[in-house]
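Enquirer: What follows is target-v6.cif; its format and atoms are mmCIF, C-alpha atoms.
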```cif
data_final
loop_
_atom_site.label_atom_id
_atom_site.label_comp_id
_atom_site.auth_asym_id
_atom_site.auth_seq_id
_atom_site.Cartn_x
_atom_site.Cartn_y
_atom_site.Cartn_z
CA ARG H 68 -11.84 33.83 -25.63
CA LYS H 69 -12.94 30.20 -25.60
CA GLU H 70 -14.96 29.02 -28.57
CA VAL H 71 -17.83 27.77 -26.42
CA GLU H 72 -18.44 29.06 -22.92
CA GLN H 73 -20.95 27.80 -20.39
CA ASP H 74 -22.15 28.82 -16.96
CA PRO H 75 -19.80 27.54 -14.31
CA GLY H 76 -21.33 24.88 -12.05
CA PRO H 77 -22.35 23.02 -10.19
CA PHE H 78 -26.04 23.81 -9.99
CA ASN H 79 -27.76 22.33 -6.96
CA VAL H 80 -31.49 22.41 -7.56
CA PRO H 81 -34.41 20.90 -5.61
CA GLU H 82 -36.48 18.28 -7.36
CA GLY H 83 -39.37 19.81 -9.26
CA ALA H 84 -37.66 23.15 -9.85
CA THR H 85 -36.88 24.73 -13.21
CA VAL H 86 -33.25 25.12 -14.18
CA ALA H 87 -31.70 27.08 -17.04
CA PHE H 88 -28.32 26.67 -18.67
CA ASN H 89 -26.70 29.33 -20.80
CA CYS H 90 -23.98 29.09 -23.40
CA THR H 91 -22.23 31.52 -25.74
CA TYR H 92 -20.13 30.77 -28.79
CA SER H 93 -17.49 32.92 -30.42
CA ASN H 94 -17.62 31.95 -34.10
CA SER H 95 -20.49 33.64 -35.88
CA ALA H 96 -20.10 31.16 -38.77
CA SER H 97 -21.27 28.31 -36.54
CA GLN H 98 -24.06 26.38 -38.20
CA SER H 99 -25.29 23.63 -35.90
CA PHE H 100 -25.92 23.60 -32.20
CA PHE H 101 -26.60 20.87 -29.68
CA TRP H 102 -26.95 20.02 -26.04
CA TYR H 103 -25.33 16.80 -24.90
CA ARG H 104 -25.77 15.09 -21.57
CA GLN H 105 -22.95 13.22 -19.86
CA ASP H 106 -23.38 10.99 -16.85
CA CYS H 107 -20.46 10.42 -14.51
CA ARG H 108 -17.72 8.34 -16.18
CA LYS H 109 -19.86 7.77 -19.28
CA GLU H 110 -19.71 9.06 -22.84
CA PRO H 111 -21.59 12.22 -23.91
CA LYS H 112 -25.02 11.51 -25.41
CA LEU H 113 -27.04 13.80 -27.61
CA LEU H 114 -29.88 15.41 -25.65
CA MET H 115 -31.27 17.64 -28.37
CA SER H 116 -30.41 19.78 -31.35
CA VAL H 117 -31.02 23.51 -31.09
CA TYR H 118 -32.82 25.48 -33.80
CA SER H 119 -33.36 29.19 -34.31
CA SER H 120 -37.08 28.72 -33.94
CA GLY H 121 -36.58 27.04 -30.58
CA ASN H 122 -37.49 23.46 -29.91
CA GLU H 123 -39.05 21.49 -27.13
CA ASP H 124 -38.83 17.86 -26.12
CA GLY H 125 -41.00 17.07 -23.13
CA ARG H 126 -39.62 18.95 -20.14
CA PHE H 127 -36.65 20.27 -22.14
CA THR H 128 -36.65 23.47 -24.20
CA ALA H 129 -33.70 24.74 -26.22
CA GLN H 130 -33.31 28.20 -27.72
CA LEU H 131 -30.80 29.75 -30.10
CA ASN H 132 -30.15 33.46 -30.58
CA ARG H 133 -27.82 33.84 -33.55
CA ALA H 134 -27.54 37.61 -33.19
CA SER H 135 -26.27 37.28 -29.63
CA GLN H 136 -24.48 33.96 -30.30
CA TYR H 137 -26.29 32.52 -27.33
CA ILE H 138 -27.80 29.10 -26.66
CA SER H 139 -29.96 28.07 -23.74
CA LEU H 140 -31.47 24.93 -22.27
CA LEU H 141 -34.41 24.95 -19.88
CA ILE H 142 -35.40 21.93 -17.82
CA ARG H 143 -38.83 22.10 -16.20
CA ASP H 144 -40.08 19.95 -13.33
CA SER H 145 -36.60 18.58 -12.76
CA LYS H 146 -36.17 14.93 -11.75
CA LEU H 147 -33.46 13.21 -9.76
CA SER H 148 -32.50 11.42 -12.98
CA ASP H 149 -31.67 14.77 -14.61
CA SER H 150 -28.51 14.95 -12.48
CA ALA H 151 -25.66 14.97 -14.98
CA THR H 152 -23.27 17.29 -16.79
CA TYR H 153 -24.80 19.27 -19.65
CA LEU H 154 -22.50 20.13 -22.52
CA CYS H 155 -23.11 22.90 -25.02
CA VAL H 156 -21.85 21.92 -28.48
CA VAL H 157 -21.29 23.88 -31.67
CA ASN H 158 -20.46 22.75 -35.22
CA LEU H 159 -19.05 25.20 -37.76
CA ASP H 160 -20.48 23.29 -40.69
CA ARG H 161 -21.30 19.75 -41.64
CA ASP H 162 -17.72 18.94 -42.62
CA ASP H 163 -16.06 20.22 -39.48
CA LYS H 164 -15.54 18.99 -35.98
CA ILE H 165 -17.89 19.77 -33.12
CA ILE H 166 -16.62 21.94 -30.29
CA PHE H 167 -17.68 21.34 -26.71
CA GLY H 168 -18.08 23.72 -23.84
CA LYS H 169 -16.64 22.77 -20.50
CA GLY H 170 -20.01 21.53 -19.29
CA THR H 171 -22.20 22.45 -16.36
CA ARG H 172 -22.82 19.89 -13.67
CA LEU H 173 -26.37 19.65 -12.36
CA HIS H 174 -27.32 18.05 -9.06
CA ILE H 175 -31.02 17.56 -8.42
CA LEU H 176 -31.67 17.40 -4.69
CA PRO H 177 -34.46 15.24 -3.23
CA ASP T 235 -25.16 -0.31 -27.82
CA THR T 236 -23.82 3.09 -28.86
CA GLY T 237 -22.99 2.17 -32.48
CA VAL T 238 -19.29 2.57 -31.69
CA SER T 239 -17.22 0.00 -29.81
CA GLN T 240 -14.01 1.03 -28.07
CA ASP T 241 -11.38 -1.25 -26.61
CA PRO T 242 -10.11 -1.44 -23.95
CA ARG T 243 -12.54 0.28 -21.62
CA HIS T 244 -9.82 0.93 -19.07
CA LYS T 245 -6.05 0.95 -19.33
CA ILE T 246 -3.53 1.51 -16.57
CA THR T 247 0.03 1.89 -17.76
CA LYS T 248 3.36 2.96 -16.38
CA ARG T 249 4.87 6.21 -17.51
CA GLY T 250 7.02 5.70 -20.57
CA GLN T 251 5.09 2.74 -21.92
CA ASN T 252 3.27 2.71 -25.26
CA VAL T 253 -0.48 2.15 -25.44
CA THR T 254 -2.88 1.57 -28.32
CA PHE T 255 -6.64 2.02 -28.35
CA ARG T 256 -9.09 0.74 -30.91
CA CYS T 257 -12.36 2.16 -32.19
CA ASP T 258 -14.83 0.03 -34.19
CA PRO T 259 -17.92 1.63 -35.68
CA ILE T 260 -20.67 -0.98 -35.92
CA SER T 261 -21.72 0.21 -39.37
CA GLU T 262 -19.81 1.93 -42.14
CA HIS T 263 -19.17 5.64 -41.79
CA ASN T 264 -16.94 7.82 -43.92
CA ARG T 265 -15.94 9.99 -41.00
CA LEU T 266 -14.48 9.02 -37.64
CA TYR T 267 -13.35 11.37 -34.87
CA TRP T 268 -11.13 11.10 -31.81
CA TYR T 269 -11.59 13.30 -28.75
CA ARG T 270 -9.90 13.48 -25.36
CA GLN T 271 -11.60 14.43 -22.12
CA THR T 272 -9.84 15.26 -18.89
CA LEU T 273 -11.51 15.66 -15.51
CA GLY T 274 -13.77 18.68 -15.31
CA GLN T 275 -13.42 19.55 -18.98
CA GLY T 276 -15.51 18.98 -22.06
CA PRO T 277 -14.22 16.65 -24.77
CA GLU T 278 -11.44 18.20 -26.87
CA PHE T 279 -10.94 17.40 -30.54
CA LEU T 280 -7.82 15.39 -31.43
CA THR T 281 -8.16 14.25 -35.03
CA TYR T 282 -10.56 12.95 -37.65
CA PHE T 283 -10.61 10.69 -40.68
CA GLN T 284 -12.48 10.75 -43.95
CA ASN T 285 -12.25 7.09 -44.94
CA GLU T 286 -8.53 6.22 -44.65
CA ALA T 287 -7.32 9.81 -44.85
CA GLN T 288 -6.47 11.71 -41.69
CA LEU T 289 -7.72 15.19 -42.54
CA GLU T 290 -7.04 17.25 -39.46
CA LYS T 291 -4.94 17.00 -36.34
CA SER T 292 -5.28 19.19 -33.27
CA ARG T 293 -2.24 20.83 -31.77
CA LEU T 294 -3.06 18.67 -28.73
CA LEU T 295 -1.82 15.71 -30.77
CA SER T 296 1.89 15.80 -30.07
CA ASP T 297 4.37 13.71 -32.04
CA ARG T 298 3.95 10.96 -29.44
CA PHE T 299 0.43 10.40 -30.72
CA SER T 300 -0.43 8.64 -33.95
CA ALA T 301 -3.78 7.60 -35.34
CA GLU T 302 -4.63 5.34 -38.23
CA ARG T 303 -7.65 4.09 -40.09
CA PRO T 304 -6.10 1.62 -42.50
CA LYS T 305 -9.21 0.28 -44.23
CA GLY T 306 -11.56 3.12 -43.61
CA SER T 307 -13.44 1.12 -40.98
CA PHE T 308 -11.85 0.70 -37.52
CA SER T 309 -9.29 3.16 -36.18
CA THR T 310 -6.40 2.97 -33.74
CA LEU T 311 -4.86 5.66 -31.57
CA GLU T 312 -1.37 5.02 -30.24
CA ILE T 313 0.43 6.99 -27.58
CA GLN T 314 4.17 6.44 -27.29
CA ARG T 315 6.21 7.13 -24.15
CA THR T 316 3.13 7.93 -22.10
CA GLU T 317 3.21 10.77 -19.61
CA GLN T 318 1.01 11.40 -16.59
CA GLY T 319 -0.62 14.26 -18.45
CA ASP T 320 -1.95 11.75 -20.98
CA SER T 321 -4.32 10.38 -18.33
CA ALA T 322 -7.79 11.03 -19.73
CA MET T 323 -10.82 9.48 -21.37
CA TYR T 324 -10.24 8.92 -25.08
CA LEU T 325 -13.48 9.02 -27.04
CA CYS T 326 -14.21 7.92 -30.57
CA ALA T 327 -17.21 9.29 -32.47
CA ILE T 328 -19.07 8.84 -35.74
CA PRO T 329 -21.60 11.15 -37.40
CA GLY T 330 -25.26 10.82 -36.42
CA PRO T 331 -27.95 10.19 -35.42
CA THR T 332 -29.00 13.78 -35.97
CA PRO T 333 -27.55 15.78 -38.89
CA TYR T 334 -24.14 17.22 -37.94
CA GLY T 335 -24.23 15.65 -34.48
CA TYR T 336 -22.10 12.74 -33.33
CA THR T 337 -22.50 9.41 -31.56
CA PHE T 338 -19.72 8.56 -29.14
CA GLY T 339 -18.30 5.25 -28.05
CA SER T 340 -18.03 4.41 -24.38
CA GLY T 341 -14.44 5.60 -24.38
CA THR T 342 -11.13 4.25 -23.16
CA ARG T 343 -10.09 5.58 -19.76
CA LEU T 344 -6.30 5.80 -19.58
CA THR T 345 -4.45 6.15 -16.31
CA VAL T 346 -0.70 6.70 -16.45
CA VAL T 347 1.06 5.94 -13.18
#
```
Would you mind writing the file out in structure tokens?
Expert:
Amino acid sequence: RKEVEQDPGPFNVPEGATVAFNCTYSNSASQSFFWYRQDCRKEPKLLMSVYSSGNEDGRFTAQLNRASQYISLLIRDSKLSDSATYLCVVNLDRDDKIIFGKGTRLHILP
Amino acid sequence: DTGVSQDPRHKITKRGQNVTFRCDPISEHNRLYWYRQTLGQGPEFLTYFQNEAQLEKSRLLSDRFSAERPKGSFSTLEIQRTEQGDSAMYLCAIPGPTPYGYTFGSGTRLTVV
């Protein structure tokens, strides 16, 4: 089983729609969780951290369920500029490397 | 400006040649990480440094790969006798800006022909 697994893509979504990404992780000792965004042929960039209490940043909402080892990202009112690959990322602890999922590509359609 | 500078941005090399990439964090960081990303995959961990010390190496890092961080600042990643399977984006990262997250450089895209 892969350490971090994400929904296979791509997701083709009309502009203005809501889209949800799901991710599961295998190591229950994982401590920190993130969503990164990666544009084509660019480096990954931190989108947001994910906390057990859930957190929101504008149109983006992230949730963590430690019991189910599940992470989600919700994008509301999607924009054309949201088209990118979204990477689920897990860190075992502050002294360890971060592990990436394969990523889910999102295409927002006009 | 990502906080991490990587050079070169692109490298095309013939199979069997040696290549070296450089990573320069703009400010001092104890830790520095190297990742590799192939098409359609997420970045995969290669190795990391705590100051000058290389603390962990992935099994992806065959004996053709060597990484150094001689003064605890910049780092180099060398690939000897390149193979077509080495074609990938090589990414360098430093801790931050959020706790336990990383900031990545723009990467070096290697194409082995």
Enquirer: Please indicate the distance in Å from CA of Val80 (chain H) to CA of His174 (chain H), rounded to one decimal place.
Expert: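 CA of His174 (chain H) lies at a distance of 6.2 Å from CA of Val80 (chain H).
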Enquirer: Which residues are near Asn79 (chain H)? Cut-off 10 Å, only C-alpha atoms, ignore same chain within fewer than 3 positions. Put them as a list in words.
Expert: Gly76, Glu82, Val86, Ser150, Arg172, Leu173, His174, Ile175 and Leu176 of chain H
Enquirer: Using only C-alpha atoms, determine which residues lie at most 6 Å from Asn89 (chain H), disregarding the query and same-chain residues fewer than 4 positions distant; provide the list as a JSON list (two decimals) with C-alpha atoms, keeping the file's coordinate frame.
Expert:
```json
[["chain", "number", "residue", "atom", "x", "y", "z"],
["H", 73, "GLN", "CA", -20.95, 27.80, -20.39],
["H", 74, "ASP", "CA", -22.15, 28.82, -16.96],
["H", 138, "ILE", "CA", -27.80, 29.10, -26.66],
["H", 139, "SER", "CA", -29.96, 28.07, -23.74]]
```
Enquirer: Using all atoms listed in the file, determine which residues of chain H fall within 12 Å of chain T; present them as a compact mmCIF listing (two decimals) with C-alpha atoms, keeping the file's coordinate frame.
Expert:
```
# COMPACT_ATOMS: atom_id res chain seq x y z
CA GLU H 70 -14.96 29.02 -28.57
CA VAL H 71 -17.83 27.77 -26.42
CA GLU H 72 -18.44 29.06 -22.92
CA GLN H 73 -20.95 27.80 -20.39
CA PRO H 75 -19.80 27.54 -14.31
CA GLY H 76 -21.33 24.88 -12.05
CA PRO H 77 -22.35 23.02 -10.19
CA SER H 97 -21.27 28.31 -36.54
CA GLN H 98 -24.06 26.38 -38.20
CA SER H 99 -25.29 23.63 -35.90
CA PHE H 100 -25.92 23.60 -32.20
CA PHE H 101 -26.60 20.87 -29.68
CA TRP H 102 -26.95 20.02 -26.04
CA TYR H 103 -25.33 16.80 -24.90
CA ARG H 104 -25.77 15.09 -21.57
CA GLN H 105 -22.95 13.22 -19.86
CA ASP H 106 -23.38 10.99 -16.85
CA CYS H 107 -20.46 10.42 -14.51
CA ARG H 108 -17.72 8.34 -16.18
CA LYS H 109 -19.86 7.77 -19.28
CA GLU H 110 -19.71 9.06 -22.84
CA PRO H 111 -21.59 12.22 -23.91
CA LYS H 112 -25.02 11.51 -25.41
CA LEU H 113 -27.04 13.80 -27.61
CA LEU H 114 -29.88 15.41 -25.65
CA MET H 115 -31.27 17.64 -28.37
CA SER H 116 -30.41 19.78 -31.35
CA VAL H 117 -31.02 23.51 -31.09
CA THR H 152 -23.27 17.29 -16.79
CA TYR H 153 -24.80 19.27 -19.65
CA LEU H 154 -22.50 20.13 -22.52
CA CYS H 155 -23.11 22.90 -25.02
CA VAL H 156 -21.85 21.92 -28.48
CA VAL H 157 -21.29 23.88 -31.67
CA ASN H 158 -20.46 22.75 -35.22
CA LEU H 159 -19.05 25.20 -37.76
CA ASP H 160 -20.48 23.29 -40.69
CA ARG H 161 -21.30 19.75 -41.64
CA ASP H 162 -17.72 18.94 -42.62
CA ASP H 163 -16.06 20.22 -39.48
CA LYS H 164 -15.54 18.99 -35.98
CA ILE H 165 -17.89 19.77 -33.12
CA ILE H 166 -16.62 21.94 -30.29
CA PHE H 167 -17.68 21.34 -26.71
CA GLY H 168 -18.08 23.72 -23.84
CA LYS H 169 -16.64 22.77 -20.50
CA GLY H 170 -20.01 21.53 -19.29
CA THR H 171 -22.20 22.45 -16.36
CA ARG H 172 -22.82 19.89 -13.67
```
Enquirer: Which residue gives the smallest distance to Leu266 (chain T) among T:Val347, T:Ile328, T:Ile246, T:Leu289, with only C-alpha atoms counted?
Expert: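 Smallest separation from Leu266 (chain T) among the options: T:Ile328.
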Enquirer: If you count all atoms listed in the file, which residues fall within 6 Å of Ser321 (chain T), apart from same-chain ones fewer than 3 positions away, as a list in words?
Expert: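 Near Ser321 (chain T), the qualifying residues are Gln318, Leu344, Thr345 and Val346 of chain T.
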Enquirer: Give me the result of the PyMOL selection byres ((chain T and resi 300-310) around 8) on this file, residue by residue, as a list in words.
Expert: Thr254, Phe255, Arg256, Cys257, Asp258, Pro259, Glu262, His263, Asn264, Leu266, Thr281, Phe283, Gln284, Asn285, Glu286, Ala287, Gln288, Leu295, Asp297, Arg298, Phe299, Leu311, Glu312 and Ile313 of chain T
Enquirer: Decode the PyMOL selection byres ((chain H and resi 125) around 12) for the given file into explicit residues and return them as a PyMOL selection string.
Expert: chain H and resi 114-115+122-124+126-129+141-145
Enquirer: CA of Thr316 (chain T) and CA of Lys69 (chain H), how far apart in Å?
Expert: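 These atoms are spaced 27.7 Å apart.
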Enquirer: For this file, the PyMOL selection byres ((chain H and resi 133) around 10) selects which residues, as an mmCIF file with C-alpha atoms, in the frame of the given file?
Expert:
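The result, stored in selection21.cif:
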```cif
data_model
loop_
_atom_site.group_PDB
_atom_site.id
_atom_site.type_symbol
_atom_site.label_atom_id
_atom_site.label_comp_id
_atom_site.auth_asym_id
_atom_site.auth_seq_id
_atom_site.Cartn_x
_atom_site.Cartn_y
_atom_site.Cartn_z
ATOM 1 C CA THR H 91 -22.230 31.520 -25.740
ATOM 2 C CA TYR H 92 -20.130 30.770 -28.790
ATOM 3 C CA SER H 95 -20.490 33.640 -35.880
ATOM 4 C CA ALA H 96 -20.100 31.160 -38.770
ATOM 5 C CA SER H 97 -21.270 28.310 -36.540
ATOM 6 C CA GLN H 98 -24.060 26.380 -38.200
ATOM 7 C CA TYR H 118 -32.820 25.480 -33.800
ATOM 8 C CA SER H 119 -33.360 29.190 -34.310
ATOM 9 C CA GLN H 130 -33.310 28.200 -27.720
ATOM 10 C CA LEU H 131 -30.800 29.750 -30.100
ATOM 11 C CA ASN H 132 -30.150 33.460 -30.580
ATOM 12 C CA ALA H 134 -27.540 37.610 -33.190
ATOM 13 C CA SER H 135 -26.270 37.280 -29.630
ATOM 14 C CA GLN H 136 -24.480 33.960 -30.300
ATOM 15 C CA TYR H 137 -26.290 32.520 -27.330
ATOM 16 C CA ILE H 138 -27.800 29.100 -26.660
#
```
Enquirer: What gap, in Å, lies between CA of Arg293 (chain T) and CA of Asn94 (chain H)?
Expert: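 Separation between CA of Arg293 (chain T) and CA of Asn94 (chain H): 19.1 Å.
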